[in-house]
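Notes to accompany the following structure.
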Amino acid sequence: MNSDERPSYIVSDEKFSQRSDPPYCLYEVDKKRGIATITFNKPHKLNAATPGDLQELTEKTIEAEEDSDVKVIVYKGAGPCFTSGVDLEWITHAFGVKGERRLSQRYRYLRLQPILSRQGLHQSVLYCLKATIAQVHGYCYGTGFSLATACDIVIASEDATFTNPAFKYIGATPEDMVLLFLTMGVKKTKEMMLTGQAFSAQDALNYGLINKVVPKTKLDEEVNIMAEKIARHPFDAVVMGKANFEVALDIAGVGACEVAGHAQETWQSNIQYQPGEFNLIKSLANKGIKGAIQEREDFFSDTPLKR
């Protein structure tokens, strides 16, 4: 089979499937305290992740879950923020912005496996049998937002902001929907998803999305205090308690919505834009990543749009 005959779902995604060098995740275990820390390690890209990075993050989560020395897993970001979400360079590639062949629906469905499937990142965190804490500062966007909502505890610094920018491009996505309904109610979930506007740390606290807001200088200390409180509990109590939470989440329909999201995000990414609407793909093609981000911020600012 020559290159022209290869199935379209395996066209030139190798770069983004590979692991970052240095690794995306810094992984540390404090055996004495029973706490594992997973740090996102692309500060120069605001910890934006490729599919390969997300697969690495999934594997580190599973490694910590299976480690008999770990009761609590802490997720944090190096540099200026928790994470800005999926790397837009991969989005540029996946949609053929630079004239490459657009990746097929079936490929993108498979590529979302490391993110949305039952064995993927979000569910590996949501259904982890160890206690999970998101230590958030700066942007908590996209996949990082989904990861934080899947964690048991979220402690944020005062500068943290929360949303998924994809709400602006493709509308409400189902994988977080029921969990967010349960967390902050239907109305506030719809407000976030329909407007795409980020919630401040204080708003997120008021809406029940996070547990605590602290000064940035106190963030490490507060997370350590919380992790140590949990880690004092008997190991079986932590694990069996988490197993019971899983049952409750599935009864509430969270698991079914997660599985639906795996397909829905693929379908929604085939959205048709009307004249005058913000088109991320077109903006990336015309202005590059930085220019597209600026155009997005200008377009969705609170200033009335000029048509």
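Each chain in the structure tokens gets a letter, A, B and so on, in the order shown; residues start at 1 in every chain, and ligands are counted from 1 in the order they appear.
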Check the DSSP output for the backbone and give back, as a list in words, the residues of stretch 60-209 of chain A in strand (DSSP E).
Val72, Ile73, Val74, Tyr75, Lys76, Gly77, Ala131, Thr132, Ile133, Ala134, Gln135, Val136, Tyr139, Cys140, Tyr141, Ile153, Val154, Ile155, Ala156, Ser157, Thr161, Phe162, Thr163, Phe199 and Ser200 of chain A
Residue neighbourhood A:Val223, 12 Å, only C-alpha atoms, exclusion window fewer than 5 positions, as a ChimeraX atom specification:
/A:35,37,72-76,132-137,153-157,211-218,228-230
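With distances restricted to only C-alpha atoms, A:Ser124 is the closest residue to A:Glu66 from A:Gln197, A:Thr83, A:Ser124, A:Thr39.
The shell of residues at most 10 Å from stretch 235-249 of chain A, with only C-alpha atoms counted and near chain neighbours (fewer than 4 positions) removed, consists of A:Gly34, A:Glu65, A:Ser68, A:Asp69, A:Val70, A:Lys71, A:Val72, A:Leu126, A:Tyr127, A:Cys128, A:Leu129, A:Lys130, A:Ala131, A:Thr132, A:Asp152, A:Val178, A:Leu179, A:Leu182, A:Ile230, A:Ala231, A:Gly253, A:Val254, A:Gly255, A:Ala256.
For the atom pair formed by atom CA of A:Cys25 and atom CA of A:Gln55, the distance is 10.4 Å, given to one decimal.
Of the listed residues (A:Glu222, A:Thr92, A:Gly276, A:Asp53), A:Thr92 comes nearest to A:Ala292; the distances count only C-alpha atoms.
With only C-alpha atoms as the atoms that count, the minimum distance from A:Gly85 to the choices A:Ser146, A:Thr61, A:His44, A:Met184 is reached by A:Ser146.
Considering the residues A:Asn279, A:Ser301, A:Thr161, A:Thr189 and counting only C-alpha atoms, A:Pro174 has its shortest atom-to-atom contact with A:Thr189.
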Would you please work out which residue, of A:Phe299, A:Tyr169, A:Phe145, A:Tyr24, is nearest to A:Phe82 when using only C-alpha atoms?
A:Phe145
